Amino acid sequence: MSVSSGPIGASLTQEILSSLGLANKTAAWGTLGTLRTFLSFSVDKDVQKLLKAITGQGVDHSTIVDVLTNRSREQRQLISRAFQERTKQDLLKSLQAALSGDLEKIVVALLRPAAQSDAQALRTALKASGSAGDVALEILATRAAPRLQECLAVYKHDFQVEAEEDIRTETNGILQDLLLALSKGGRENYSGVIDYNLEEQDVQALQQTGGSSTASQWVLIFTQRSPEHLIRVFDQYRRCTGQELEDAVRSCFHGDAQRALLSLASIMRNTALYFADKLHQALQETEPDFQVLTRVLVSRSEIDLLSIRAEFKKKFGKSLYSSLQGTVRGDCHSALLALCRAEDI
């Protein structure tokens with residue numbers, strides 16, 4: 001199981017699938033995302049719809065949202081290329097000129113290739129004071145290896161610098177070590193064979209405290225081991241010490257290092273719950289954090305947003321859809337709700 005999917009308990013997976021109309025057709029379903037390939041896709045019709053929505057009397061926000069939130073990212077890229085061929089205009093620039101505010105940002109996120117969106121978010125995070133650890137770690141730790149490598153290649157192409165160099169320049173200490181290790185994409189794949197000796201070694205290493213060598217062991221274990229192995233390590237650590245590993249992190253580390261290690265532990269335990277927590281926090285702000293809402297909903301819409309929704313409702317007692325419905329206002333309201341989809345979970 002890749003890091004991007006995250007370890008999801010079998011019971012939760014069954015809970016999700018049992019509530020879906022296509023639960024017995026998972027081969028056709030093919031994803032735990034809310035957004036899937038549009039079966040009646042016609043690139044010519046979509047180009048005409050978007051052109052009319054942009055150039056008609058007043059901008060037709062509803063049509064723009066309906067088309068872009070009901071097509072897969074691959075289909076949206078086909079629409080962009082066809083729009084360019086037929087009109088000699090760039091679809092993204094045309095929509096940016098027609099829209100504004102948070103809706104414009106959502107449309108940009110939907111139309112950009114995934115790797116470009118990730119590279120831009122990573123660059124912005126590393127260059128913005130105070131947010132480097134949170135957003136950079138989210139991207140580096142939750143993207144599947146092929147997507148991460150594509151993101152880093154785009155980063156170098158677009159910004160003429162390696163992401164690794166910016167990490168070294170903009171961060172320091174254990175946070176820097178974690179981000180550099182994650183950027184190498186060296187996390188082990190689970191082979192299906194449990195390595196009890198390595199499990200015991202890791203538990204012993206995590207019980208040691210103090211010194212730079214101890215910190216380096218935490219970095220190695222948290223960034224190289226598979227999620228399946230780490231979950232067993234976390235459980236064994238609790239049995240041996242009587243406390244959760246997260247409590248040890250709070251005792252041994254502080255500041256950015258503590259926040260980064262706690263986030264990584266959360267991702268390894270349950271990636272969907274990690275994102276559910278992020279969405280809930282974004283909705284609890286005085287003003288909803290549209291940057292977080294957009295990044296998470298768009299980036300996970302074709303991966304595991306159904307799982308995120310299930311974890312959200314399980315933990316907070318209210319569906320993600322209804323939470324968005326009661327909090328988000330303005331033109332972006334319909335776009336975010338469309339990405340989330342109105343289901344029972």
# chains A, B, ... in the order shown; residues from 1 in each chain; ligands from 1
call {"tool": "residues_around", "arguments": {"residues": "segment 85-99 of chain A", "least_positions_apart": "6", "cutoff": "12 Å", "atoms": "only C-alpha atoms", "output": "tab-separated table (two decimals) with N, CA and C atoms, in the first residue's frame"}}
result
chain	number	residue	atom	x	y	z
A	43	VAL	N	-15.36	15.90	-25.53
A	43	VAL	CA	-14.48	17.05	-25.39
A	43	VAL	C	-15.01	18.25	-26.19
A	44	ASP	N	-15.58	17.99	-27.37
A	44	ASP	CA	-16.10	19.09	-28.20
A	44	ASP	C	-17.27	19.80	-27.51
A	46	ASP	N	-17.86	19.93	-24.30
A	46	ASP	CA	-17.37	20.64	-23.12
A	46	ASP	C	-16.67	21.94	-23.50
A	47	VAL	N	-15.93	21.90	-24.59
A	47	VAL	CA	-15.28	23.14	-25.07
A	47	VAL	C	-16.33	24.18	-25.42
A	48	GLN	N	-17.39	23.75	-26.10
A	48	GLN	CA	-18.46	24.68	-26.48
A	48	GLN	C	-19.17	25.23	-25.24
A	50	LEU	N	-17.94	25.62	-22.19
A	50	LEU	CA	-17.08	26.55	-21.47
A	50	LEU	C	-16.91	27.86	-22.25
A	51	LEU	N	-16.80	27.76	-23.56
A	51	LEU	CA	-16.67	28.96	-24.38
A	51	LEU	C	-17.91	29.84	-24.25
A	52	LYS	N	-19.08	29.21	-24.28
A	52	LYS	CA	-20.33	29.96	-24.12
A	52	LYS	C	-20.44	30.54	-22.72
A	53	ALA	N	-19.99	29.79	-21.72
A	53	ALA	CA	-20.06	30.27	-20.33
A	53	ALA	C	-19.19	31.49	-20.10
A	54	ILE	N	-18.07	31.56	-20.84
A	54	ILE	CA	-17.14	32.67	-20.67
A	54	ILE	C	-17.54	33.88	-21.49
A	55	THR	N	-18.02	33.65	-22.73
A	55	THR	CA	-18.25	34.76	-23.66
A	55	THR	C	-19.71	35.20	-23.77
A	56	GLY	N	-20.61	34.49	-23.10
A	56	GLY	CA	-22.03	34.85	-23.18
A	56	GLY	C	-22.33	36.11	-22.39
A	57	GLN	N	-23.60	36.41	-22.24
A	57	GLN	CA	-24.01	37.58	-21.45
A	57	GLN	C	-23.83	37.27	-19.97
A	58	GLY	N	-22.74	37.77	-19.40
A	58	GLY	CA	-22.42	37.45	-18.02
A	58	GLY	C	-21.75	36.09	-17.93
A	59	VAL	N	-20.85	35.95	-17.02
A	59	VAL	CA	-20.13	34.69	-16.87
A	59	VAL	C	-21.03	33.65	-16.21
A	60	ASP	N	-21.14	32.49	-16.82
A	60	ASP	CA	-22.00	31.42	-16.32
A	60	ASP	C	-21.19	30.55	-15.35
A	61	HIS	N	-21.16	30.96	-14.09
A	61	HIS	CA	-20.39	30.24	-13.08
A	61	HIS	C	-20.87	28.80	-12.93
A	62	SER	N	-22.17	28.60	-12.98
A	62	SER	CA	-22.75	27.28	-12.76
A	62	SER	C	-22.26	26.27	-13.78
A	64	ILE	N	-19.50	26.43	-15.62
A	64	ILE	CA	-18.06	26.23	-15.42
A	64	ILE	C	-17.81	25.22	-14.30
A	65	VAL	N	-18.51	25.41	-13.19
A	65	VAL	CA	-18.35	24.51	-12.05
A	65	VAL	C	-18.84	23.11	-12.41
A	68	LEU	N	-16.21	21.33	-14.82
A	68	LEU	CA	-14.88	21.04	-14.27
A	68	LEU	C	-14.91	20.10	-13.07
A	76	ARG	N	-10.02	16.88	-17.89
A	76	ARG	CA	-9.87	18.34	-17.87
A	76	ARG	C	-8.66	18.79	-18.70
A	77	GLN	N	-7.60	17.99	-18.68
A	77	GLN	CA	-6.43	18.32	-19.51
A	77	GLN	C	-6.75	18.19	-20.99
A	78	LEU	N	-7.56	17.21	-21.35
A	78	LEU	CA	-7.98	17.07	-22.74
A	78	LEU	C	-8.82	18.26	-23.17
A	79	ILE	N	-9.69	18.72	-22.27
A	79	ILE	CA	-10.52	19.89	-22.58
A	79	ILE	C	-9.63	21.12	-22.79
A	105	LYS	N	-9.44	30.51	-7.73
A	105	LYS	CA	-8.38	29.66	-7.20
A	105	LYS	C	-8.74	28.18	-7.32
A	106	ILE	N	-10.01	27.86	-7.10
A	106	ILE	CA	-10.45	26.46	-7.23
A	106	ILE	C	-10.34	26.02	-8.69
A	107	VAL	N	-10.75	26.87	-9.61
A	107	VAL	CA	-10.68	26.54	-11.03
A	107	VAL	C	-9.22	26.35	-11.46
A	108	VAL	N	-8.33	27.19	-10.97
A	108	VAL	CA	-6.91	27.03	-11.28
A	108	VAL	C	-6.41	25.68	-10.78
A	109	ALA	N	-6.79	25.32	-9.56
A	109	ALA	CA	-6.38	24.03	-8.99
A	109	ALA	C	-6.92	22.86	-9.80
A	110	LEU	N	-8.13	23.00	-10.32
A	110	LEU	CA	-8.74	21.93	-11.10
A	110	LEU	C	-8.09	21.77	-12.48
A	111	LEU	N	-7.67	22.87	-13.06
A	111	LEU	CA	-7.14	22.82	-14.43
A	111	LEU	C	-5.64	22.58	-14.50
A	112	ARG	N	-4.91	22.91	-13.47
A	112	ARG	CA	-3.48	22.65	-13.49
A	112	ARG	C	-3.20	21.15	-13.39
A	113	PRO	N	-2.15	20.67	-14.05
A	113	PRO	CA	-1.73	19.28	-13.82
A	113	PRO	C	-1.40	19.09	-12.34
A	331	ASP	N	-19.16	32.28	-4.23
A	331	ASP	CA	-19.17	31.57	-5.51
A	331	ASP	C	-18.51	30.20	-5.43
A	332	CYS	N	-17.58	30.04	-4.49
A	332	CYS	CA	-16.87	28.76	-4.42
A	332	CYS	C	-17.69	27.68	-3.72
call {"tool": "residues_around", "arguments": {"residues": "Gln208 of chain A", "least_positions_apart": "5", "cutoff": "12 Å", "atoms": "only C-alpha atoms", "output": "list in words"}}
result
Gln201, Asp202, Val203, Ser213, Thr214, Ala215, Ser216, Gln217, Trp218, Tyr237, Thr241, Ala248, Val249 and Cys252 of chain A
call {"tool": "select_by_dssp", "arguments": {"residues": "segment 41-288 of chain A", "states": "alpha helix (DSSP H)", "output": "count of residues only"}}
result
191
call {"tool": "atom_distance", "arguments": {"atom1": "atom CA of Ala136 of chain A", "atom2": "atom CA of Tyr321 of chain A"}}
result
26.6 Å
call {"tool": "closest_atom_pairs", "arguments": {"of": "segment 69-146 of chain A", "to": "segment 295-319 of chain A", "cutoff": "12 Å", "atoms": "only C-alpha atoms", "output": "CSV"}}
result
residue,atom,partner,partner_atom,distance
A:Thr69,CA,A:Val298,CA,9.2
A:Asn70,CA,A:Ser301,CA,10.7
A:Arg71,CA,A:Glu302,CA,10.2
A:Ser72,CA,A:Glu302,CA,7.5
A:Arg73,CA,A:Glu302,CA,8.3
A:Glu74,CA,A:Glu302,CA,10.6
A:Asp102,CA,A:Arg295,CA,11.8
A:Lys105,CA,A:Arg295,CA,9.8
A:Ile106,CA,A:Val298,CA,8.0
A:Val107,CA,A:Val298,CA,9.8
A:Val108,CA,A:Val298,CA,10.4
A:Ala109,CA,A:Val298,CA,6.9
A:Leu110,CA,A:Val298,CA,6.6
A:Leu111,CA,A:Val298,CA,10.2
A:Arg112,CA,A:Val298,CA,10.6
A:Pro113,CA,A:Ser299,CA,10.4
A:Ala114,CA,A:Ser299,CA,7.3
A:Ala115,CA,A:Ser299,CA,10.1
A:Gln116,CA,A:Ser299,CA,11.5
A:Ser117,CA,A:Arg295,CA,8.6
A:Asp118,CA,A:Ser299,CA,8.6
A:Gln120,CA,A:Arg295,CA,11.1
A:Ala121,CA,A:Arg295,CA,8.5
A:Leu122,CA,A:Arg295,CA,11.4
A:Val135,CA,A:Arg295,CA,9.8
A:Glu138,CA,A:Val296,CA,9.7
A:Ile139,CA,A:Ser299,CA,9.9
A:Thr142,CA,A:Arg300,CA,10.0
A:Arg143,CA,A:Ser299,CA,9.5
A:Ala144,CA,A:Ile303,CA,10.4
call {"tool": "residues_around", "arguments": {"residues": "segment 155-165 of chain A", "least_positions_apart": "4", "cutoff": "8 Å", "atoms": "only C-alpha atoms", "output": "number ranges by chain"}}
result
A: 116, 119-120, 123, 151, 169, 180, 183
call {"tool": "write_last_selection", "arguments": {"atoms": "N, CA and C atoms", "output": "tab-separated table (two decimals), in the first residue's frame"}}
result
chain	number	residue	atom	x	y	z
A	116	GLN	N	2.07	20.10	-11.14
A	116	GLN	CA	2.29	21.55	-11.12
A	116	GLN	C	1.64	22.18	-9.89
A	119	ALA	N	3.85	21.27	-6.95
A	119	ALA	CA	5.11	22.01	-6.98
A	119	ALA	C	4.89	23.46	-6.53
A	120	GLN	N	3.80	24.08	-6.99
A	120	GLN	CA	3.51	25.46	-6.60
A	120	GLN	C	3.21	25.55	-5.11
A	123	ARG	N	6.49	25.12	-3.19
A	123	ARG	CA	7.32	26.34	-3.30
A	123	ARG	C	6.78	27.45	-2.40
A	151	CYS	N	6.35	15.82	-9.33
A	151	CYS	CA	6.26	17.12	-8.66
A	151	CYS	C	7.64	17.76	-8.53
A	169	THR	N	17.69	25.71	2.43
A	169	THR	CA	17.78	27.16	2.65
A	169	THR	C	16.72	27.66	3.61
A	180	LEU	N	13.98	16.57	3.82
A	180	LEU	CA	14.98	16.09	2.86
A	180	LEU	C	14.85	14.59	2.64
A	183	SER	N	11.75	13.85	0.60
A	183	SER	CA	11.87	14.27	-0.80
A	183	SER	C	12.64	13.25	-1.65
call {"tool": "atom_distance", "arguments": {"atom1": "atom CA of Leu336 of chain A", "atom2": "atom CA of Ser100 of chain A"}}
result
15.5 Å
call {"tool": "atom_distance", "arguments": {"atom1": "atom CA of Leu230 of chain A", "atom2": "atom CA of Ile167 of chain A"}}
result
25.1 Å
